[in-house]
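All remarks here apply to the structure that follows.
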There are 2 protein chains.
Amino acid sequence: MLLDQRYLPSKEEWFQCADTDDIIYALQQMVIRGAPAIGVTAAYGCVLAALQAKGGSNWEEALEKSLQDIEHARPTAANLAWAVRVMRQAWRSGSFLSAPELADFWLPKAQGLHEDDIRVNKMIGAYGRDLIASGDTVMTHCNAGALATGGYGTALGVVRSAVEQGKEVRVIASETRPFLQGARLTAYELARDNIPVRVACDNACGLLMHKGLVHKVVVGADRIAANGDTANKIGTYPLAVLARRYNIPFYVAAPFSTFDIQTSSGEDIPIEERDPGEVKYMTGQMIMPRDVEVYNYAFDVTPQELISGIITEKGVFDPGELA
Amino acid sequence: MLLDQRYLPSKEEWFQCADTDDIIYALQQMVIRGAPAIGVTAAYGCVLAALQAKGGSNWEEALEKSLQDIEHARPTAANLAWAVRVMRQAWRSGSFLSAPELADFWLPKAQGLHEDDIRVNKMIGAYGRDLIASGDTVMTHCNAGALATGGYGTALGVVRSAVEQGKEVRVIASETRPFLQGARLTAYELARDNIPVRVACDNACGLLMHKGLVHKVVVGADRIAANGDTANKIGTYPLAVLARRYNIPFYVAAPFSTFDIQTSSGEDIPIEERDPGEVKYMTGQMIMPRDVEVYNYAFDVTPQELISGIITEKGVFDPGELA
């Protein structure tokens with residue numbers, strides 16, 4: 001059961017996944033999004049794949065095919081392939097007579113991965129809160145909160161942890177076109193937690209920094225290359241460029257599952273292009289001329305030299321230090 | 001009669017101004033927007049003010065009050081106060097027995113100001129087109145086109161003029177939240193002129209520049225301070241910062257009526273804050289949590305050191321050269 005993020009905050013609807021098709025639909029249509037949440041969902045997706053595996057004695061082949069379909073549902077978030085890899089390794093390291101037997105073995109694995117994610121988020125928060133001073137206004141982009149993870153959040157986990165410490169922290173959420181994760185999701189979950197939050201259009205962030213209204217920037221990540229270059233939601237990179245101009249510290253908060261040491265630099269990270277309709281329609285209505293084309297790249301890459309530190313469950317690292 | 005820009009491109013509706021209240025409403029609610037168009041509208045507004053001037057022998061005092069109301073309808077665009085000043089000077093340099101007599105005198109003045117604006121736009125285009133190479137993709141922000149001026153356009157006038165010269169020019173229009181002038185107006189008027197245009201969310205512009213898809217940036221202006229610092233639609237400044245990172249030339253195209261030599265630098269330009277509802281609602285529906293506040297500054301300031309040149313009706317100048 002996934003809280004359907006397409007309809008928040010106006011509707012709290014749940015989306016039920018009965019099989020891998022549902023999981024793939026949920027991932028691709030962004031019923032659920034956020035790299036760590038995508039990873040957790042994929043792990044549960046593997047369990048569903050095992051439960052429905054066909055092929056008789058060829059069940060392993062059929063299942064492997066399903067795993068690959070899940071793995072390729074979205075191209076950018078490293079945590080998706082990572083979670084499927086973890087599940088596959090667990091499978092390959094045992095021996096199973098049937099798919100249902102594997103499903104029984106896998107379910108606690110997926111649940112463990114889910115619980116781990118929350119635990120890891122809290123550790124990220126515990127390391128990250130030391131970077132936040134009481135009185136700070138933290139700008140964040142997209143949603144790297146409870147809704148983007150197993151719970152608690154990466155970037156918002158840092159904020160939550162600082163607030164739990166008794167620090168006064170305010171958040172500016174950039175609205176994050178076209179899907180409005182900042183305006184819809186970050187504002188929603190912080191308001192529910194009574195953490196002061198204010199929304200700004202993405203293009204206002206330069207002025208807000210210029211006015212001295214932003215003390216730190218903390219964002220999540222979808223994939224971190226070996227050299228520290230970080231792919232995250234489109235619009236992250238301009239914030240990093242602007243932050244550098246004002247010497248505002250710019251932090252990435254992400255679990256180790258986001259690191260992809262096979263990818264040497266950001267230039268090699270695949271950037272998903274999504275349906276133009278996401279840009280052309282708002283709340284079901286066309287907002288621009290019908291025949292005009294759009295760009296809808298879902299992510300951009302922030303080069304490591306613009307990143308002040310990467311906050312992980314093992315501490316805060318200089319980008320590139322982990323290569 | 002104003003083409004109502006709140007409803008384009010989905011509806012072509014005309015808004016009739018019968019008196020100064022209508023003019024002020026049209027300016028404040030953005031029935032019409034764009035600094036030069038605001039100036040032209042204000043000039044016609046003066047004529048309407050004279051036609052309706054009350055006060056008997058005190059008509060001059062009542063009229064001066066109306067002129068001030070028009071002048072202060074919006075704070076940032078220099079062309080608004082400039083146009084009222086031009087009309088006031090014409091009034092003060094003659095002598096008029098009655099308001100209707102002044103209205104008769106003013107109407108051709110306002111029409112002349114309107115025609116001048118188009119002529120000036122074409123001269124801006126003629127100077128600006130030399131900066132554009134065939135094959136260029138020009139990024140623009142907001143709408144600095146025919147809809148933002150008496151006709152033809154400043155930034156889009158440069159594009160139109162280059163195209164009329166036979167150059168192949170493509171445009172990327174950043175959508176320009178919250179009012180979507182780029183997606184709605186720039187895309188609409190360029191598509192009507194068969195000039196290739198593609199829309200991108202404001203936050204995608206960093207990636208598009210990084211991909212080498214942008215060769216020049218040309219934007220309009222709402223107010224240019226004596227030192228060349230330029231106020232323009234919110235989001236202009238981040239584009240300038242990003243353009244500099246890639247050594248992409250960044251031009252401002254604006255008539256001399258946009259210069260405000262009384263204002264020494266951008267820090268002194270008043271930045272309009274508009275109704276939060278513009279950010280919170282899209283196509284009539286709330287897109288974020290009801291109780292969360294927003295920032296809605298309508299403009300930002302691009303410092304002169306990020307501007308490659310200011311394209312005017314008198315040629316292309318280095319910013320600051322005109323101080």
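Just remember, in the structure tokens the first chain shown is A, the second B, etc., residues are 1-based per chain, and ligands are 1-based in the order shown.
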Using DSSP secondary structure from the backbone, list all helix (DSSP H, G or I) positions within stretch 63-193 of chain A, as a PyMOL selection string.
chain A and resi 63-71+78-93+99-131+146-148+155-164+181-192
Tell me, as a ChimeraX atom specification, which residues lie within 12 Å of A:Ala187, counting only C-alpha atoms; anything in the same chain fewer than 2 positions away does not count.
/A:8-9,139-147,156,170-176,180-185,189-200 /B:280,287-294
Contacts of A:Gly212 within 12 Å, only C-alpha atoms, excl. fewer than 6 positions in-chain, as a PDB file with C-alpha atoms, in the first residue's frame:
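After the write, out.pdb holds the following:
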```pdb
ATOM      1  CA  ASP A 136      18.999  28.824  10.399  1.00  0.00           C
ATOM      2  CA  THR A 137      16.699  28.898   7.428  1.00  0.00           C
ATOM      3  CA  VAL A 138      17.387  25.820   5.321  1.00  0.00           C
ATOM      4  CA  MET A 139      16.451  25.818   1.670  1.00  0.00           C
ATOM      5  CA  CYS A 205      15.679  31.197  -5.091  1.00  0.00           C
ATOM      6  CA  GLY A 206      18.345  33.543  -6.451  1.00  0.00           C
ATOM      7  CA  ALA A 243      24.612  29.084  -3.169  1.00  0.00           C
ATOM      8  CA  ARG A 245      27.936  32.769  -5.205  1.00  0.00           C
ATOM      9  CA  TYR A 246      26.888  33.673  -1.647  1.00  0.00           C
ATOM     10  CA  ASN A 247      29.100  31.112   0.110  1.00  0.00           C
ATOM     11  CA  ILE A 248      26.000  29.415   1.462  1.00  0.00           C
TER      12      ILE A 248
END
```
In stretch 61-307 of chain B, what's strand (DSSP E) per DSSP? Answer as a PyMOL selection string?
chain B and resi 137-141+170-174+197-200+216-219+223-225+230-233+250-253+259-260+281-282+285-286+293-295+299-302
With N, CA and C atoms retained, export the selected residues as a short mmCIF file (atom, residue, chain, number, x, y, z; two decimals), in the first residue's frame.
```cif
data_model
loop_
_atom_site.label_atom_id
_atom_site.label_comp_id
_atom_site.auth_asym_id
_atom_site.auth_seq_id
_atom_site.Cartn_x
_atom_site.Cartn_y
_atom_site.Cartn_z
N THR B 137 20.32 29.10 -30.70
CA THR B 137 19.14 28.96 -29.85
C THR B 137 19.23 30.03 -28.77
N VAL B 138 18.20 30.85 -28.72
CA VAL B 138 18.16 31.96 -27.77
C VAL B 138 17.23 31.60 -26.62
N MET B 139 17.75 31.66 -25.42
CA MET B 139 16.86 31.48 -24.27
C MET B 139 16.31 32.83 -23.86
N THR B 140 15.02 32.86 -23.57
CA THR B 140 14.45 34.09 -23.01
C THR B 140 13.60 33.72 -21.80
N HIS B 141 13.29 34.72 -21.02
CA HIS B 141 12.54 34.51 -19.79
C HIS B 141 11.32 35.41 -19.82
N ARG B 170 16.17 29.57 -33.02
CA ARG B 170 15.22 28.84 -32.17
C ARG B 170 15.18 29.52 -30.82
N VAL B 171 14.07 29.36 -30.15
CA VAL B 171 13.92 29.99 -28.84
C VAL B 171 13.59 28.93 -27.78
N ILE B 172 14.23 29.04 -26.63
CA ILE B 172 13.77 28.30 -25.46
C ILE B 172 13.12 29.32 -24.53
N ALA B 173 11.84 29.10 -24.23
CA ALA B 173 11.10 29.99 -23.34
C ALA B 173 11.01 29.33 -21.98
N SER B 174 11.60 29.95 -20.96
CA SER B 174 11.42 29.40 -19.61
C SER B 174 10.01 29.76 -19.16
N VAL B 197 9.91 27.39 -31.09
CA VAL B 197 10.02 27.69 -29.66
C VAL B 197 9.74 26.42 -28.87
N ARG B 198 10.46 26.26 -27.79
CA ARG B 198 10.27 25.12 -26.91
C ARG B 198 10.27 25.65 -25.48
N VAL B 199 9.38 25.12 -24.68
CA VAL B 199 9.22 25.60 -23.30
C VAL B 199 9.98 24.70 -22.34
N ALA B 200 10.57 25.29 -21.32
CA ALA B 200 11.21 24.52 -20.25
C ALA B 200 10.81 25.12 -18.91
N LYS B 216 22.64 32.00 -26.67
CA LYS B 216 22.52 33.38 -26.20
C LYS B 216 21.33 33.43 -25.24
N VAL B 217 21.39 34.34 -24.29
CA VAL B 217 20.21 34.65 -23.48
C VAL B 217 19.84 36.10 -23.78
N VAL B 218 18.58 36.36 -24.10
CA VAL B 218 18.10 37.73 -24.31
C VAL B 218 16.81 37.90 -23.51
N VAL B 219 16.81 38.90 -22.65
CA VAL B 219 15.63 39.15 -21.80
C VAL B 219 15.25 40.62 -21.90
N ARG B 223 13.35 47.78 -15.08
CA ARG B 223 14.00 49.02 -14.66
C ARG B 223 15.51 48.79 -14.69
N ILE B 224 16.21 49.73 -15.30
CA ILE B 224 17.67 49.65 -15.35
C ILE B 224 18.22 50.82 -14.55
N ALA B 225 18.98 50.49 -13.51
CA ALA B 225 19.56 51.54 -12.66
C ALA B 225 20.72 52.22 -13.38
N THR B 230 19.95 45.56 -13.52
CA THR B 230 18.67 45.48 -14.24
C THR B 230 17.64 44.64 -13.49
N ALA B 231 16.51 45.27 -13.18
CA ALA B 231 15.39 44.51 -12.61
C ALA B 231 14.57 43.94 -13.75
N ASN B 232 14.26 42.67 -13.65
CA ASN B 232 13.39 42.02 -14.64
C ASN B 232 12.65 40.91 -13.89
N LYS B 233 11.76 40.26 -14.58
CA LYS B 233 10.93 39.21 -13.98
C LYS B 233 11.75 38.26 -13.12
N PHE B 250 24.78 37.18 -22.32
CA PHE B 250 23.50 37.49 -21.67
C PHE B 250 23.16 38.95 -21.97
N TYR B 251 22.13 39.15 -22.79
CA TYR B 251 21.76 40.51 -23.20
C TYR B 251 20.43 40.93 -22.61
N VAL B 252 20.35 42.21 -22.29
CA VAL B 252 19.09 42.85 -21.91
C VAL B 252 18.66 43.71 -23.10
N ALA B 253 17.40 43.59 -23.51
CA ALA B 253 16.88 44.42 -24.60
C ALA B 253 15.78 45.30 -24.03
N PHE B 259 15.37 53.03 -18.47
CA PHE B 259 16.48 53.50 -17.63
C PHE B 259 15.96 54.46 -16.58
N ASP B 260 16.48 54.28 -15.38
CA ASP B 260 16.11 55.17 -14.28
C ASP B 260 17.41 55.66 -13.66
N TYR B 281 -2.37 28.95 -6.19
CA TYR B 281 -3.41 28.40 -7.07
C TYR B 281 -2.88 28.27 -8.49
N MET B 282 -3.27 27.20 -9.15
CA MET B 282 -3.01 27.06 -10.59
C MET B 282 -4.32 26.69 -11.23
N GLN B 285 -7.11 25.97 -8.96
CA GLN B 285 -7.03 24.96 -7.90
C GLN B 285 -5.81 25.18 -7.01
N MET B 286 -6.00 24.94 -5.72
CA MET B 286 -4.89 25.07 -4.79
C MET B 286 -3.91 23.92 -5.01
N GLU B 293 2.68 29.45 3.98
CA GLU B 293 2.92 30.73 3.33
C GLU B 293 3.87 30.58 2.13
N VAL B 294 3.89 31.62 1.30
CA VAL B 294 4.78 31.60 0.14
C VAL B 294 5.53 32.92 0.04
N TYR B 295 6.60 32.91 -0.72
CA TYR B 295 7.23 34.14 -1.19
C TYR B 295 6.72 34.41 -2.59
N PHE B 299 10.01 40.32 -9.11
CA PHE B 299 11.20 40.68 -9.90
C PHE B 299 12.46 40.32 -9.14
N ASP B 300 13.55 40.22 -9.85
CA ASP B 300 14.84 40.20 -9.19
C ASP B 300 15.78 41.11 -9.97
N VAL B 301 16.97 41.30 -9.44
CA VAL B 301 17.91 42.24 -10.04
C VAL B 301 19.14 41.49 -10.53
N THR B 302 19.49 41.70 -11.78
CA THR B 302 20.70 41.12 -12.34
C THR B 302 21.79 42.19 -12.27
#
```
Atom CA of B:Asp275 and atom CA of B:Pro178 are how many Å apart?
10.7 Å
Taking 6 positions as the minimum chain separation for residues in the same chain, which residues sit within 7 Å of B:Ile124 when counting only C-alpha atoms? Answer as a count of residues only.
6
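Using only C-alpha atoms, the contacts of stretch 39-41 of chain A at a cut-off of 9 Å, with sequence neighbours closer than 4 positions omitted, comprise Leu2, Ile23, Leu27, Ile32, Gly34, Ala35, Gly45, Cys46, Ala77, Ala78, Asn79, Leu80, Ala81, Trp82, Ala83, Val84, Ala110, Gln111, Leu113, His114, Asp117, Thr149, Gly150 and Ser257 of chain A.
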Restricting it to N, CA, C and O atoms, dump the selection as a CSV table (one decimal), in the first residue's frame.
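New file part-v2.csv:
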```
chain,number,residue,atom,x,y,z
A,2,LEU,N,0.7,2.1,-1.0
A,2,LEU,CA,1.5,3.3,-1.1
A,2,LEU,C,0.6,4.5,-1.0
A,2,LEU,O,-0.5,4.6,-1.6
A,23,ILE,N,3.6,-2.3,-9.3
A,23,ILE,CA,4.8,-1.7,-8.8
A,23,ILE,C,5.5,-0.8,-9.8
A,23,ILE,O,5.9,0.4,-9.6
A,27,LEU,N,6.0,3.2,-9.8
A,27,LEU,CA,7.3,3.9,-9.9
A,27,LEU,C,7.3,4.9,-11.1
A,27,LEU,O,7.7,6.0,-10.9
A,32,ILE,N,4.8,6.8,-6.2
A,32,ILE,CA,5.9,7.0,-5.2
A,32,ILE,C,7.1,7.5,-5.9
A,32,ILE,O,7.3,7.1,-7.0
A,34,GLY,N,11.2,9.6,-5.0
A,34,GLY,CA,12.3,9.8,-4.0
A,34,GLY,C,13.2,8.5,-4.0
A,34,GLY,O,12.7,7.4,-3.8
A,35,ALA,N,14.5,8.7,-4.2
A,35,ALA,CA,15.4,7.6,-4.4
A,35,ALA,C,15.3,6.5,-3.3
A,35,ALA,O,15.1,5.3,-3.7
A,45,GLY,N,8.6,-5.0,-4.3
A,45,GLY,CA,8.2,-5.5,-5.7
A,45,GLY,C,8.8,-6.8,-6.0
A,45,GLY,O,8.2,-7.7,-6.7
A,46,CYS,N,10.1,-7.1,-5.6
A,46,CYS,CA,10.7,-8.4,-5.8
A,46,CYS,C,9.9,-9.5,-5.1
A,46,CYS,O,9.7,-10.6,-5.7
A,77,ALA,N,17.7,7.0,-10.4
A,77,ALA,CA,17.9,6.8,-9.0
A,77,ALA,C,18.7,5.5,-8.8
A,77,ALA,O,18.3,4.4,-9.2
A,78,ALA,N,19.9,5.6,-8.2
A,78,ALA,CA,20.8,4.5,-8.0
A,78,ALA,C,20.1,3.4,-7.0
A,78,ALA,O,20.4,2.2,-7.2
A,79,ASN,N,19.3,3.9,-6.1
A,79,ASN,CA,18.8,3.0,-5.1
A,79,ASN,C,17.8,2.0,-5.6
A,79,ASN,O,17.6,0.9,-5.0
A,80,LEU,N,17.3,2.2,-6.8
A,80,LEU,CA,16.4,1.2,-7.5
A,80,LEU,C,17.2,0.0,-7.8
A,80,LEU,O,16.9,-1.2,-7.4
A,81,ALA,N,18.2,0.1,-8.6
A,81,ALA,CA,19.1,-1.0,-9.0
A,81,ALA,C,19.7,-1.6,-7.8
A,81,ALA,O,19.9,-2.9,-7.7
A,82,TRP,N,20.1,-0.8,-6.8
A,82,TRP,CA,20.8,-1.2,-5.6
A,82,TRP,C,19.9,-2.2,-4.8
A,82,TRP,O,20.3,-3.3,-4.4
A,83,ALA,N,18.6,-1.8,-4.6
A,83,ALA,CA,17.7,-2.7,-3.9
A,83,ALA,C,17.4,-4.0,-4.6
A,83,ALA,O,17.4,-5.0,-3.9
A,84,VAL,N,17.3,-3.9,-5.9
A,84,VAL,CA,17.1,-5.2,-6.6
A,84,VAL,C,18.3,-6.1,-6.5
A,84,VAL,O,18.2,-7.3,-6.4
A,110,ALA,N,12.9,-7.6,2.6
A,110,ALA,CA,12.4,-6.4,2.1
A,110,ALA,C,12.0,-5.5,3.3
A,110,ALA,O,12.2,-4.3,3.4
A,111,GLN,N,11.3,-6.1,4.3
A,111,GLN,CA,10.9,-5.4,5.5
A,111,GLN,C,12.2,-4.8,6.3
A,111,GLN,O,12.2,-3.7,6.7
A,113,LEU,N,15.0,-4.1,4.8
A,113,LEU,CA,15.5,-3.0,4.0
A,113,LEU,C,14.8,-1.7,4.3
A,113,LEU,O,15.3,-0.6,4.4
A,114,HIS,N,13.5,-1.9,4.5
A,114,HIS,CA,12.6,-0.8,4.8
A,114,HIS,C,13.0,-0.2,6.2
A,114,HIS,O,13.2,1.0,6.3
A,117,ASP,N,16.2,1.6,6.1
A,117,ASP,CA,16.2,2.9,5.5
A,117,ASP,C,15.8,3.9,6.5
A,117,ASP,O,16.5,5.0,6.6
A,149,THR,N,11.3,8.5,1.3
A,149,THR,CA,12.2,7.5,1.9
A,149,THR,C,11.3,6.4,2.6
A,149,THR,O,10.1,6.5,2.5
A,150,GLY,N,11.9,5.5,3.3
A,150,GLY,CA,11.1,4.6,4.1
A,150,GLY,C,10.3,5.3,5.2
A,150,GLY,O,9.3,4.8,5.8
A,257,SER,N,23.4,3.8,-0.2
A,257,SER,CA,22.8,3.1,-1.4
A,257,SER,C,22.6,4.0,-2.6
A,257,SER,O,22.3,3.5,-3.7
```
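Shortest separation to chain B among A:Lys11, A:Arg160, A:Arg129, A:Arg33 occurs at residue A:Lys11, atoms counted being only C-alpha atoms.
Reported to one decimal place, the separation of atom CA of A:His210 from atom CA of B:Leu239 is 14.2 Å.
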Using only C-alpha atoms for the distances, tell me which of B:Glu321, B:Asp202, B:Glu13, B:Glu115 is nearest to chain A.
B:Asp202
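Take the candidates A:Ser264, A:Asn296, A:Gln68, A:Gln29 and check each one against chain B using only C-alpha atoms; the shortest distance goes to A:Asn296.
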For a quick check of understanding, using only C-alpha atoms, which of A:Leu102, A:Ile234, A:Ile118, A:Ala155 has the smallest distance to A:Leu131?
A:Ala155
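Atom CA of B:Gly128 to atom CA of B:Gly235 spans 22.1 Å [interatomic distance, one decimal].
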